[in-house]
>>> print(open('work.tsv').read())   # TSV, C-alpha atoms
chain	number	residue	atom	x	y	z
R	29	MET	CA	0.00	0.00	0.00
R	30	LYS	CA	2.80	2.42	0.88
R	31	LYS	CA	4.42	1.76	-2.48
R	32	ILE	CA	1.16	2.61	-4.26
R	33	LEU	CA	0.68	5.80	-2.27
R	34	ASN	CA	4.22	6.91	-3.14
R	35	SER	CA	3.93	6.03	-6.82
R	36	LEU	CA	3.84	8.74	-9.46
R	37	PRO	CA	0.50	7.64	-11.04
R	38	PHE	CA	-1.23	7.86	-7.65
R	39	LYS	CA	0.23	11.30	-6.99
R	40	LEU	CA	-0.86	12.52	-10.42
R	41	LEU	CA	-4.41	11.19	-10.04
R	42	LEU	CA	-4.57	12.68	-6.55
R	43	GLY	CA	-3.50	16.01	-8.00
R	44	VAL	CA	-6.30	15.87	-10.57
R	45	ALA	CA	-8.92	15.00	-7.93
R	46	VAL	CA	-7.76	17.59	-5.40
R	47	GLY	CA	-7.56	20.24	-8.10
R	48	ILE	CA	-11.13	19.68	-9.32
R	49	VAL	CA	-12.62	19.61	-5.83
R	50	LEU	CA	-10.74	22.73	-4.77
R	51	GLY	CA	-11.73	24.56	-7.95
R	52	LEU	CA	-15.42	23.84	-7.39
R	53	VAL	CA	-15.44	25.32	-3.86
R	54	ALA	CA	-12.67	27.95	-4.00
R	55	ASN	CA	-13.29	31.67	-3.76
R	56	GLU	CA	-11.36	34.37	-5.59
R	57	ALA	CA	-8.78	34.77	-2.82
R	58	VAL	CA	-7.90	31.08	-2.93
R	59	MET	CA	-7.70	31.15	-6.71
R	60	ASN	CA	-5.29	34.08	-6.54
R	61	VAL	CA	-2.90	31.75	-4.72
R	62	VAL	CA	-3.60	28.80	-7.03
R	63	VAL	CA	-3.01	30.68	-10.29
R	64	THR	CA	0.18	32.16	-8.84
R	65	ILE	CA	1.45	28.70	-7.88
R	66	LYS	CA	0.61	27.42	-11.35
R	67	GLN	CA	2.41	30.34	-12.98
R	68	VAL	CA	5.58	29.82	-10.93
R	69	LEU	CA	5.65	26.02	-11.42
R	70	GLY	CA	4.92	26.45	-15.11
R	71	GLN	CA	7.86	28.82	-15.44
R	72	ILE	CA	10.19	26.31	-13.77
R	73	ILE	CA	9.02	23.45	-16.00
R	74	THR	CA	9.26	25.59	-19.14
R	75	PHE	CA	12.77	26.68	-18.20
R	76	CYS	CA	13.90	23.06	-17.81
R	77	VAL	CA	12.44	21.73	-21.07
R	78	PRO	CA	15.23	23.01	-23.38
R	79	LEU	CA	17.78	21.61	-20.92
R	80	ILE	CA	16.12	18.18	-21.11
R	81	VAL	CA	16.11	18.30	-24.91
R	82	ILE	CA	19.80	19.20	-25.07
R	83	GLY	CA	20.76	16.84	-22.26
R	84	PHE	CA	19.24	13.79	-23.92
R	85	ILE	CA	19.24	14.26	-27.69
R	86	ALA	CA	22.80	15.57	-28.22
R	87	PRO	CA	24.55	12.83	-26.16
R	88	SER	CA	22.35	10.17	-27.74
R	89	ILE	CA	23.31	11.27	-31.25
R	90	THR	CA	27.01	10.99	-30.39
R	91	LYS	CA	26.42	7.39	-29.28
R	92	LEU	CA	24.95	6.53	-32.67
R	93	GLY	CA	28.30	7.30	-34.33
R	94	HIS	CA	28.25	7.12	-38.12
R	95	ASN	CA	24.59	6.03	-37.97
R	96	ALA	CA	23.42	9.34	-36.47
R	97	SER	CA	22.30	10.98	-39.71
R	98	ARG	CA	20.49	7.86	-40.84
R	99	MET	CA	18.62	7.41	-37.53
R	100	LEU	CA	17.59	11.08	-37.50
R	101	GLY	CA	16.22	10.73	-41.02
R	102	ILE	CA	14.27	7.60	-40.09
R	103	ALA	CA	12.83	9.35	-37.01
R	104	LEU	CA	11.66	12.33	-39.08
R	105	ILE	CA	10.06	10.08	-41.71
R	106	ILE	CA	8.10	7.92	-39.29
R	107	ALA	CA	6.96	10.97	-37.28
R	108	TYR	CA	5.67	12.62	-40.48
R	109	VAL	CA	4.00	9.44	-41.74
R	110	SER	CA	2.29	8.95	-38.38
R	111	SER	CA	0.97	12.52	-38.29
R	112	VAL	CA	-0.29	12.49	-41.89
R	113	GLY	CA	-1.80	9.03	-41.45
R	114	ALA	CA	-3.69	10.20	-38.35
R	115	ALA	CA	-4.86	13.29	-40.24
R	116	LEU	CA	-6.16	11.27	-43.20
R	117	MET	CA	-7.96	8.83	-40.91
R	118	SER	CA	-9.59	11.78	-39.15
R	119	THR	CA	-10.61	13.22	-42.53
R	120	ALA	CA	-12.34	9.98	-43.49
R	121	ALA	CA	-14.14	9.92	-40.14
R	122	GLY	CA	-15.19	13.52	-40.60
R	123	TYR	CA	-16.84	12.90	-43.96
R	124	THR	CA	-18.59	9.86	-42.51
R	125	LEU	CA	-19.81	11.23	-39.15
R	126	ILE	CA	-20.07	15.01	-39.16
R	127	PRO	CA	-23.12	15.30	-41.47
R	128	HIS	CA	-25.07	13.26	-38.90
R	129	LEU	CA	-24.15	15.37	-35.84
R	130	SER	CA	-26.00	18.30	-34.33
R	131	ILE	CA	-23.51	20.46	-32.41
R	132	VAL	CA	-24.09	23.62	-30.35
R	133	SER	CA	-21.20	26.06	-30.52
R	134	GLN	CA	-21.99	28.71	-27.89
R	135	VAL	CA	-21.69	28.44	-24.10
R	136	ASP	CA	-22.02	31.34	-21.66
R	137	GLY	CA	-21.53	31.83	-17.94
R	138	LEU	CA	-17.87	30.93	-17.51
R	139	ARG	CA	-15.98	32.63	-14.70
R	140	GLU	CA	-12.68	34.33	-15.32
R	141	LEU	CA	-9.61	33.31	-13.40
R	142	PRO	CA	-8.23	36.06	-11.13
R	143	GLU	CA	-4.89	37.67	-11.87
R	144	VAL	CA	-1.75	36.17	-10.39
R	145	MET	CA	-0.53	37.86	-7.22
R	146	PHE	CA	2.89	38.44	-8.77
R	147	GLN	CA	4.59	37.55	-12.02
R	148	LEU	CA	7.76	35.48	-11.73
R	149	GLU	CA	9.34	35.33	-15.15
R	150	ILE	CA	11.99	32.65	-15.67
R	151	PRO	CA	12.86	32.84	-19.37
R	152	ALA	CA	14.30	29.66	-20.83
R	153	ILE	CA	17.87	29.89	-22.11
R	154	MET	CA	16.37	29.26	-25.56
R	155	ASN	CA	13.08	28.09	-27.02
R	156	VAL	CA	12.42	24.39	-27.57
R	157	MET	CA	12.97	24.40	-31.33
R	158	SER	CA	16.31	26.21	-30.89
R	159	ALA	CA	17.33	23.60	-28.31
R	160	LEU	CA	16.29	20.83	-30.69
R	161	ALA	CA	18.24	22.35	-33.59
R	162	LEU	CA	21.30	22.91	-31.37
R	163	SER	CA	21.16	19.33	-30.09
R	164	LEU	CA	20.96	17.89	-33.60
R	165	MET	CA	23.74	20.06	-34.99
R	166	VAL	CA	26.11	19.61	-32.03
R	167	GLY	CA	25.47	15.88	-31.84
R	168	LEU	CA	26.05	15.37	-35.55
R	169	ALA	CA	29.14	17.62	-35.56
R	170	ILE	CA	30.71	15.64	-32.71
R	171	THR	CA	30.15	12.37	-34.58
R	172	TRP	CA	31.72	13.86	-37.71
R	173	THR	CA	34.75	15.28	-35.87
R	174	LYS	CA	35.05	12.31	-33.47
R	175	SER	CA	35.68	14.68	-30.55
R	176	LYS	CA	36.02	12.43	-27.51
R	177	MET	CA	36.34	15.39	-25.12
R	178	MET	CA	33.02	16.92	-26.19
R	179	GLU	CA	31.37	13.50	-26.14
R	180	SER	CA	32.47	13.03	-22.52
R	181	LEU	CA	31.29	16.55	-21.68
R	182	LEU	CA	27.83	15.79	-23.07
R	183	ASP	CA	27.71	12.62	-20.96
R	184	GLU	CA	28.24	14.78	-17.87
R	185	VAL	CA	25.56	17.20	-19.06
R	186	GLN	CA	23.15	14.28	-19.37
R	187	ASN	CA	23.87	13.21	-15.79
R	188	ILE	CA	23.24	16.77	-14.58
R	189	VAL	CA	19.96	17.02	-16.50
R	190	LEU	CA	18.83	13.66	-15.10
R	191	ALA	CA	19.42	15.02	-11.61
R	192	ILE	CA	17.28	18.07	-12.42
R	193	VAL	CA	14.50	15.80	-13.71
R	194	THR	CA	14.64	13.53	-10.66
R	195	LYS	CA	14.97	16.15	-7.95
R	196	ILE	CA	12.94	19.04	-9.38
R	197	ILE	CA	10.59	18.25	-12.28
R	198	ILE	CA	9.08	14.97	-11.05
R	199	PRO	CA	8.27	16.25	-7.52
R	200	ILE	CA	6.52	19.45	-8.68
R	201	LEU	CA	4.43	17.89	-11.47
R	202	PRO	CA	1.53	16.75	-9.21
R	203	PHE	CA	1.18	20.30	-7.85
R	204	PHE	CA	1.26	21.81	-11.34
R	205	ILE	CA	-1.42	19.38	-12.54
R	206	ALA	CA	-3.58	20.06	-9.46
R	207	SER	CA	-3.43	23.82	-10.10
R	208	THR	CA	-4.33	23.30	-13.78
R	209	PHE	CA	-7.46	21.29	-13.02
R	210	CYS	CA	-8.35	23.64	-10.19
R	211	GLY	CA	-8.42	26.49	-12.68
R	212	LEU	CA	-10.56	24.52	-15.15
R	213	ALA	CA	-13.07	23.62	-12.43
R	214	TYR	CA	-13.23	27.22	-11.12
R	215	GLU	CA	-13.85	28.65	-14.61
R	216	GLY	CA	-16.62	26.14	-15.20
R	217	THR	CA	-14.97	24.53	-18.22
R	218	ILE	CA	-15.39	21.05	-16.77
R	219	THR	CA	-19.08	21.50	-15.90
R	220	LYS	CA	-20.26	23.82	-18.70
R	221	GLN	CA	-18.04	23.92	-21.78
R	222	PHE	CA	-17.13	20.25	-21.94
R	223	PRO	CA	-20.74	18.98	-22.36
R	224	VAL	CA	-21.26	21.35	-25.31
R	225	PHE	CA	-18.76	19.46	-27.42
R	226	ILE	CA	-19.06	16.08	-25.71
R	227	LYS	CA	-20.04	14.25	-28.90
R	228	VAL	CA	-17.14	15.60	-30.90
R	229	ILE	CA	-14.62	15.09	-28.13
R	230	ILE	CA	-15.72	11.48	-27.58
R	231	ILE	CA	-15.38	10.77	-31.30
R	232	VAL	CA	-11.90	12.31	-31.33
R	233	MET	CA	-10.81	10.37	-28.24
R	234	ILE	CA	-11.97	7.12	-29.84
R	235	GLY	CA	-9.87	8.13	-32.85
R	236	HIS	CA	-6.87	8.62	-30.56
R	237	TYR	CA	-7.15	5.09	-29.18
R	238	ILE	CA	-7.65	3.59	-32.64
R	239	TRP	CA	-4.55	5.36	-33.94
R	240	MET	CA	-2.45	4.40	-30.91
R	241	ALA	CA	-3.53	0.77	-31.30
R	242	LEU	CA	-2.58	0.91	-34.97
R	243	LEU	CA	0.80	2.48	-34.21
R	244	TYR	CA	1.66	-0.09	-31.56
R	245	GLY	CA	0.45	-2.91	-33.78
R	246	VAL	CA	2.67	-1.79	-36.65
R	247	ALA	CA	5.59	-1.20	-34.27
R	248	GLY	CA	5.23	-4.65	-32.75
R	249	ALA	CA	4.96	-6.35	-36.13
R	250	TYR	CA	8.00	-4.53	-37.50
R	251	SER	CA	10.24	-4.90	-34.46
R	252	GLY	CA	9.17	-8.43	-33.57
R	253	LYS	CA	8.70	-7.31	-29.96
R	254	ASN	CA	5.58	-7.29	-27.79
R	255	PRO	CA	4.19	-3.71	-27.89
R	256	ILE	CA	2.27	-4.31	-24.65
R	257	GLU	CA	5.65	-4.30	-22.88
R	258	VAL	CA	5.96	-0.65	-23.93
R	259	VAL	CA	2.44	0.70	-23.58
R	260	LYS	CA	1.82	-0.84	-20.15
R	261	HIS	CA	4.40	1.51	-18.63
R	262	TYR	CA	2.90	4.65	-20.16
R	263	GLY	CA	0.12	5.27	-17.61
R	264	PRO	CA	1.98	8.01	-15.67
R	265	ALA	CA	3.01	9.75	-18.90
R	266	TYR	CA	-0.58	9.67	-20.19
R	267	ILE	CA	-1.94	11.14	-16.95
R	268	THR	CA	0.79	13.78	-16.86
R	269	ALA	CA	0.06	14.79	-20.45
R	270	VAL	CA	-3.64	15.14	-19.63
R	271	GLY	CA	-2.70	17.45	-16.77
R	272	THR	CA	0.02	19.53	-18.42
R	273	MET	CA	-1.41	19.62	-21.96
R	274	SER	CA	2.20	19.72	-23.15
R	275	SER	CA	4.39	17.04	-24.73
R	276	ALA	CA	7.43	19.05	-23.72
R	277	ALA	CA	6.35	19.38	-20.08
R	278	THR	CA	5.61	15.64	-19.99
R	279	LEU	CA	9.02	14.74	-21.37
R	280	ALA	CA	10.60	13.88	-18.03
R	281	VAL	CA	7.84	11.40	-17.13
R	282	ALA	CA	7.77	9.94	-20.66
R	283	LEU	CA	11.50	9.19	-20.43
R	284	ARG	CA	10.96	7.53	-17.09
R	285	CYS	CA	8.17	5.34	-18.46
R	286	ALA	CA	10.01	4.34	-21.63
R	287	LYS	CA	13.12	3.36	-19.69
R	288	LYS	CA	11.06	0.78	-17.77
R	289	SER	CA	10.28	-1.17	-20.94
R	290	THR	CA	12.41	-4.27	-21.47
R	291	VAL	CA	11.95	-4.22	-25.27
R	292	LEU	CA	13.10	-0.64	-25.94
R	293	ARG	CA	16.81	-0.05	-26.37
R	294	LYS	CA	18.01	2.56	-23.92
R	295	ASP	CA	20.00	4.44	-26.56
R	296	MET	CA	16.89	4.65	-28.74
R	297	VAL	CA	14.86	5.90	-25.75
R	298	ASN	CA	17.38	8.64	-24.98
R	299	PHE	CA	17.42	9.66	-28.64
R	300	GLY	CA	13.82	9.07	-29.69
R	301	ILE	CA	11.61	10.17	-26.78
R	302	PRO	CA	12.92	13.77	-26.51
R	303	LEU	CA	12.97	14.09	-30.31
R	304	PHE	CA	9.45	12.73	-30.84
R	305	ALA	CA	8.12	14.95	-28.03
R	306	ASN	CA	8.81	17.87	-30.35
R	307	ILE	CA	8.14	16.46	-33.83
R	308	HIS	CA	5.47	13.76	-33.36
R	309	LEU	CA	2.05	15.25	-32.69
R	310	CYS	CA	-0.29	12.64	-34.18
R	311	GLY	CA	-3.04	13.11	-31.57
R	312	SER	CA	-3.11	16.88	-31.97
R	313	VAL	CA	-3.15	16.59	-35.76
R	314	LEU	CA	-5.98	14.03	-35.68
R	315	THR	CA	-7.97	16.31	-33.41
R	316	GLU	CA	-7.37	19.47	-35.40
R	317	VAL	CA	-8.49	17.89	-38.68
R	318	PHE	CA	-11.78	16.61	-37.25
R	319	PHE	CA	-12.45	19.92	-35.50
R	320	VAL	CA	-11.82	22.13	-38.55
R	321	MET	CA	-14.23	19.97	-40.54
R	322	THR	CA	-16.82	20.22	-37.76
R	323	ILE	CA	-16.48	24.00	-37.42
R	324	SER	CA	-16.63	24.44	-41.18
R	325	GLN	CA	-19.96	22.58	-41.16
R	326	ILE	CA	-21.26	24.69	-38.25
R	327	LEU	CA	-20.23	28.14	-39.47
R	328	TYR	CA	-20.09	27.81	-43.24
R	329	GLY	CA	-22.66	25.11	-43.85
R	330	LYS	CA	-20.34	22.64	-45.58
R	331	ILE	CA	-17.24	20.54	-45.10
R	332	PRO	CA	-14.20	21.47	-47.25
R	333	SER	CA	-13.71	19.47	-50.43
R	334	VAL	CA	-11.70	16.23	-50.43
R	335	GLY	CA	-8.85	17.80	-52.39
R	336	THR	CA	-8.66	20.74	-49.98
R	337	MET	CA	-8.59	18.46	-46.96
R	338	ILE	CA	-5.87	16.20	-48.41
R	339	LEU	CA	-3.72	19.26	-49.11
R	340	PHE	CA	-4.40	20.51	-45.60
R	341	CYS	CA	-3.39	17.14	-44.08
R	342	VAL	CA	-0.16	16.86	-46.07
R	343	LEU	CA	0.95	20.37	-45.10
R	344	LEU	CA	-0.26	20.00	-41.52
R	345	GLY	CA	2.09	17.03	-41.10
R	346	ILE	CA	5.00	19.32	-41.96
R	347	PHE	CA	3.80	22.06	-39.62
R	348	ALA	CA	3.38	19.50	-36.83
R	349	ILE	CA	7.08	18.61	-37.05
R	350	GLY	CA	7.96	22.24	-36.45
R	351	ALA	CA	5.24	22.96	-33.89
R	352	PRO	CA	6.36	23.38	-30.28
R	353	GLY	CA	5.24	20.64	-27.89
R	354	VAL	CA	3.39	23.11	-25.67
R	355	PRO	CA	-0.36	23.63	-25.00
R	356	GLY	CA	-2.04	24.58	-28.26
R	357	GLY	CA	1.26	24.43	-30.13
R	358	THR	CA	-0.07	22.51	-33.14
R	359	VAL	CA	-3.10	24.68	-33.81
R	360	MET	CA	-1.15	27.91	-33.22
R	361	ALA	CA	1.59	26.82	-35.64
R	362	SER	CA	-0.98	25.92	-38.30
R	363	LEU	CA	-3.21	28.99	-38.13
R	364	GLY	CA	-1.79	30.03	-41.49
R	365	LEU	CA	-3.10	26.80	-43.03
R	366	ILE	CA	-6.50	27.21	-41.37
R	367	THR	CA	-6.96	30.74	-42.72
R	368	GLY	CA	-5.08	30.31	-46.00
R	369	ILE	CA	-6.26	26.90	-47.22
R	370	LEU	CA	-9.56	26.40	-45.39
R	371	LEU	CA	-10.37	30.13	-45.57
R	372	PHE	CA	-11.55	30.42	-41.96
R	373	ASP	CA	-12.47	33.94	-40.84
R	374	GLY	CA	-11.93	35.43	-37.37
R	375	THR	CA	-14.99	33.71	-35.92
R	376	GLY	CA	-13.97	30.30	-37.23
R	377	THR	CA	-10.42	30.73	-35.97
R	378	ALA	CA	-11.61	31.77	-32.50
R	379	LEU	CA	-14.01	28.82	-32.27
R	380	MET	CA	-11.26	26.47	-33.45
R	381	LEU	CA	-8.92	27.68	-30.71
R	382	THR	CA	-11.66	27.29	-28.09
R	383	ILE	CA	-12.80	23.77	-28.94
R	384	PHE	CA	-9.21	22.62	-29.46
R	385	ALA	CA	-8.29	23.87	-26.00
R	386	LEU	CA	-11.10	21.79	-24.47
R	387	GLN	CA	-9.52	18.49	-25.50
R	388	ASP	CA	-5.89	19.53	-25.90
R	389	SER	CA	-4.94	17.41	-22.93
R	390	PHE	CA	-6.17	14.18	-24.55
R	391	GLY	CA	-4.52	14.98	-27.88
R	392	THR	CA	-1.27	15.57	-26.03
R	393	ALA	CA	-1.66	12.26	-24.19
R	394	CYS	CA	-2.04	10.52	-27.56
R	395	ASN	CA	1.09	12.28	-28.83
R	396	VAL	CA	3.15	11.21	-25.83
R	397	THR	CA	1.91	7.62	-25.77
R	398	GLY	CA	2.43	7.29	-29.51
R	399	ASP	CA	6.08	8.26	-29.04
R	400	GLY	CA	6.63	4.89	-27.37
R	401	ALA	CA	5.46	3.10	-30.52
R	402	LEU	CA	7.78	5.13	-32.75
R	403	THR	CA	10.68	4.44	-30.40
R	404	LEU	CA	9.89	0.73	-30.72
R	405	ILE	CA	10.11	1.13	-34.50
R	406	LEU	CA	13.50	2.83	-34.09
R	407	THR	CA	14.60	-0.05	-31.87
R	408	GLY	CA	13.48	-2.54	-34.50
R	409	TYR	CA	15.27	-0.62	-37.26
R	410	ALA	CA	18.50	-0.45	-35.25
R	411	ASN	CA	18.38	-4.17	-34.50
R	412	LYS	CA	17.57	-5.16	-38.10
R	413	HIS	CA	20.44	-3.05	-39.45
R	414	HIS	CA	22.89	-4.25	-36.79
R	415	ILE	CA	23.46	-0.84	-35.24
R	416	ALA	CA	25.36	-1.56	-32.05
R	417	GLU	CA	23.73	-0.53	-28.81
R	418	GLU	CA	25.58	1.81	-26.48
R	419	LYS	CA	25.78	-0.09	-23.17
R	420	ARG	CA	26.81	2.86	-20.98
R	421	GLU	CA	24.49	3.22	-18.01
R	422	VAL	CA	23.62	6.55	-16.42
R	423	GLU	CA	24.32	6.23	-12.72
R	424	ALA	CA	23.06	7.73	-9.49
R	425	THR	CA	20.49	10.12	-10.91
R	426	GLU	CA	18.58	7.58	-12.98
R	427	VAL	CA	14.93	7.58	-11.97
R	428	GLN	CA	13.87	4.22	-10.61
>>> encode(input="work.tsv", output="structure tokens")
Amino acid sequence: MKKILNSLPFKLLLGVAVGIVLGLVANEAVMNVVVTIKQVLGQIITFCVPLIVIGFIAPSITKLGHNASRMLGIALIIAYVSSVGAALMSTAAGYTLIPHLSIVSQVDGLRELPEVMFQLEIPAIMNVMSALALSLMVGLAITWTKSKMMESLLDEVQNIVLAIVTKIIIPILPFFIASTFCGLAYEGTITKQFPVFIKVIIIVMIGHYIWMALLYGVAGAYSGKNPIEVVKHYGPAYITAVGTMSSAATLAVALRCAKKSTVLRKDMVNFGIPLFANIHLCGSVLTEVFFVMTISQILYGKIPSVGTMILFCVLLGIFAIGAPGVPGGTVMASLGLITGILLFDGTGTALMLTIFALQDSFGTACNVTGDGALTLILTGYANKHHIAEEKREVEATEVQ
């Protein structure tokens, strides 16, 4: 029992429950404190995300040696294929289901969250995409130059980042998630806005599970490994993603979950999980496609043509690779596609942002869980092509 109470999944679920209950009964004074706590914790997590990206991706690339460029290319291809495949599946579902739905698009009576008591700004040393680009370039350059000194330095950086994850990020996540759900409950989103789009959200969530099942099935068939041995460890990461609504903020927990799998190579985990957290957004893409088709039907009386939607899906897959793994990152990065290809006006764009925000947590959870399947594919590829595994173990700070 003590082990269960001290486990991360229990702490995360407790944070969700406490947050909702507190949000339903809290007054404005209490919420002043809550939103301030959330702002501070969010700043700390955001600050650490680029460090995690650099600390894991760059050292992992150096361990791949002359295979680094090839593995990076494979990772980009499978992330793009997954996102576009999810988008096309969502398009087919949209043409099949949306004409038969009756959806209300207006909800009133939501409360506004109070202002934070003070603003604590902790700017990250760089944004996530800059950290990703730096990690890729530095890692590849070290493999090309065969610099042993820099390779050893990056190993030390990885140990330091692991200590930050273990001692700082993991302990504060339950409090951050509790404050997030407290805010949603106080606003009334959980009790008022969610039922408005319940039909659409349920359809999208079913789509998430179908796509995850397909990804893990393909990954298992290709790698020859049991995909259940990966997905069964992803509960804490899924819950964390629901609470943070951010693939980047969930990165620390996702790494911890993936490392528990006996069928994933540790070097592929260190390389793939941080990379996919920023370039693989299949759940968000699936959601966005279904929602833009729904909103187009609501506001403009028709769903975009098949050709328009295929073009939108193909380009959205590219935008998803460059979108930041933060709340709303996919839809914000693709606003140009929504207005330029689908011709949404200000009203359509605003409604899209609103309904997307309602389920963003579940789309993010699909993104994060799907990363495990892609990492299994990378593991299978590395094994099939006889890419030697780096056996070095990270000591002391490794999360158990």
>>> residues_around(input="work.tsv", residues="Cys341 of chain R", least_positions_apart="6", cutoff="12 Å", atoms="only C-alpha atoms", output="ChimeraX atom specification")
/R:108-120,310,313-318,320-321,334-335,347-348,362,365-366,369-370
>>> atom_distance(input="work.tsv", atom1="atom CA of Lys174 of chain R", atom2="atom CA of Val81 of chain R")
21.6 Å
>>> closest_residue(input="work.tsv", among="R:Phe75, R:Pro255, R:Ala159, R:Val281", to="Leu242 of chain R", atoms="all atoms listed in the file")
R:Pro255
>>> closest_residue(input="work.tsv", among="R:Ala45, R:Ile80, R:Val166, R:Met99", to="Met178 of chain R", atoms="all atoms listed in the file")
R:Val166
>>> atom_distance(input="work.tsv", atom1="atom CA of Gln147 of chain R", atom2="atom CA of Ile82 of chain R")
27.2 Å
>>> residues_around(input="work.tsv", residues="Phe304 of chain R", least_positions_apart="3", cutoff="10 Å", atoms="only C-alpha atoms", output="list in words")
Ala103, Leu104, Ile106, Ala107, Ser275, Ala276, Leu279, Phe299, Gly300, Ile301, Ile307, His308, Leu309, Ile349, Gly353, Asn395, Val396, Gly398, Asp399, Gly400, Leu402 and Thr403 of chain R
>>> closest_atom_pairs(input="work.tsv", of="segment 43-138 of chain R", to="segment 198-218 of chain R", cutoff="9 Å", atoms="all atoms listed in the file", output="CSV")
residue,atom,partner,partner_atom,distance
R:Gly43,CA,R:Ala206,CA,4.3
R:Val44,CA,R:Ala206,CA,5.1
R:Ala45,CA,R:Ala206,CA,7.5
R:Val46,CA,R:Ala206,CA,6.3
R:Gly47,CA,R:Cys210,CA,4.1
R:Ile48,CA,R:Cys210,CA,4.9
R:Val49,CA,R:Cys210,CA,7.3
R:Leu50,CA,R:Cys210,CA,6.0
R:Gly51,CA,R:Cys210,CA,4.2
R:Leu52,CA,R:Tyr214,CA,5.5
R:Val53,CA,R:Tyr214,CA,7.8
R:Ala54,CA,R:Tyr214,CA,7.2
R:Asn55,CA,R:Tyr214,CA,8.6
R:Met59,CA,R:Gly211,CA,7.6
R:Val62,CA,R:Ser207,CA,5.9
R:Val63,CA,R:Ser207,CA,6.9
R:Ile65,CA,R:Ser207,CA,7.2
R:Lys66,CA,R:Ser207,CA,5.6
R:Gln67,CA,R:Phe204,CA,8.8
R:Leu69,CA,R:Phe204,CA,6.1
R:Gly70,CA,R:Phe204,CA,7.0
R:Ile73,CA,R:Leu201,CA,8.5
R:Gly137,CA,R:Gly216,CA,8.0
R:Leu138,CA,R:Glu215,CA,5.5
>>> atom_distance(input="work.tsv", atom1="atom CA of Leu303 of chain R", atom2="atom CA of Ile85 of chain R")
6.8 Å
>>> closest_residue(input="work.tsv", among="R:Thr358, R:Thr407, R:Ser163, R:Thr268", to="Phe390 of chain R", atoms="only C-alpha atoms")
R:Thr268
>>> closest_residue(input="work.tsv", among="R:Val68, R:Val291, R:Ala241, R:Ile338", to="Val144 of chain R", atoms="only C-alpha atoms")
R:Val68
>>> closest_residue(input="work.tsv", among="R:Ser389, R:Thr272, R:Asn411, R:Thr367", to="Thr74 of chain R", atoms="all atoms listed in the file")
R:Thr272
>>> residues_near_point(input="work.tsv", point="(-13.1, 17.5, -28.5)", cutoff="8 Å", atoms="only C-alpha atoms", output="NGL selection string")
:R and (225-233 or 315 or 319 or 383-384 or 386-388)
>>> write_last_selection(input="work.tsv", atoms="C-alpha atoms", output="PDB file, keeping the file's coordinate frame")
ATOM      1  CA  PHE R 225     -18.760  19.460 -27.420  1.00  0.00           C
ATOM      2  CA  ILE R 226     -19.060  16.080 -25.710  1.00  0.00           C
ATOM      3  CA  LYS R 227     -20.040  14.250 -28.900  1.00  0.00           C
ATOM      4  CA  VAL R 228     -17.140  15.600 -30.900  1.00  0.00           C
ATOM      5  CA  ILE R 229     -14.620  15.090 -28.130  1.00  0.00           C
ATOM      6  CA  ILE R 230     -15.720  11.480 -27.580  1.00  0.00           C
ATOM      7  CA  ILE R 231     -15.380  10.770 -31.300  1.00  0.00           C
ATOM      8  CA  VAL R 232     -11.900  12.310 -31.330  1.00  0.00           C
ATOM      9  CA  MET R 233     -10.810  10.370 -28.240  1.00  0.00           C
ATOM     10  CA  THR R 315      -7.970  16.310 -33.410  1.00  0.00           C
ATOM     11  CA  PHE R 319     -12.450  19.920 -35.500  1.00  0.00           C
ATOM     12  CA  ILE R 383     -12.800  23.770 -28.940  1.00  0.00           C
ATOM     13  CA  PHE R 384      -9.210  22.620 -29.460  1.00  0.00           C
ATOM     14  CA  LEU R 386     -11.100  21.790 -24.470  1.00  0.00           C
ATOM     15  CA  GLN R 387      -9.520  18.490 -25.500  1.00  0.00           C
ATOM     16  CA  ASP R 388      -5.890  19.530 -25.900  1.00  0.00           C
TER      17      ASP R 388
END
>>> closest_residue(input="work.tsv", among="R:Ala57, R:Val77, R:Met145, R:Leu164", to="Ser97 of chain R", atoms="only C-alpha atoms")
R:Leu164
>>> residues_around(input="work.tsv", residues="Ile405 of chain R", least_positions_apart="5", cutoff="7 Å", atoms="only C-alpha atoms", output="PyMOL selection string")
chain R and resi 247+250-251
>>> build_atoms(input="work.tsv", residues="segment 302-306 of chain R", atoms="N, CA, C and O atoms", output="CSV table (one decimal), keeping the file's coordinate frame")
chain,number,residue,atom,x,y,z
R,302,PRO,N,12.9,12.3,-26.5
R,302,PRO,CA,12.9,13.8,-26.5
R,302,PRO,C,12.7,14.3,-27.9
R,302,PRO,O,12.1,15.4,-28.1
R,303,LEU,N,13.2,13.6,-28.9
R,303,LEU,CA,13.0,14.1,-30.3
R,303,LEU,C,11.5,14.0,-30.7
R,303,LEU,O,10.9,15.0,-31.2
R,304,PHE,N,10.9,12.9,-30.5
R,304,PHE,CA,9.4,12.7,-30.8
R,304,PHE,C,8.5,13.7,-30.0
R,304,PHE,O,7.5,14.0,-30.5
R,305,ALA,N,8.9,14.0,-28.8
R,305,ALA,CA,8.1,15.0,-28.0
R,305,ALA,C,7.9,16.3,-28.7
R,305,ALA,O,7.0,17.0,-28.5
R,306,ASN,N,8.9,16.6,-29.6
R,306,ASN,CA,8.8,17.9,-30.4
R,306,ASN,C,8.4,17.8,-31.8
R,306,ASN,O,8.0,18.8,-32.4
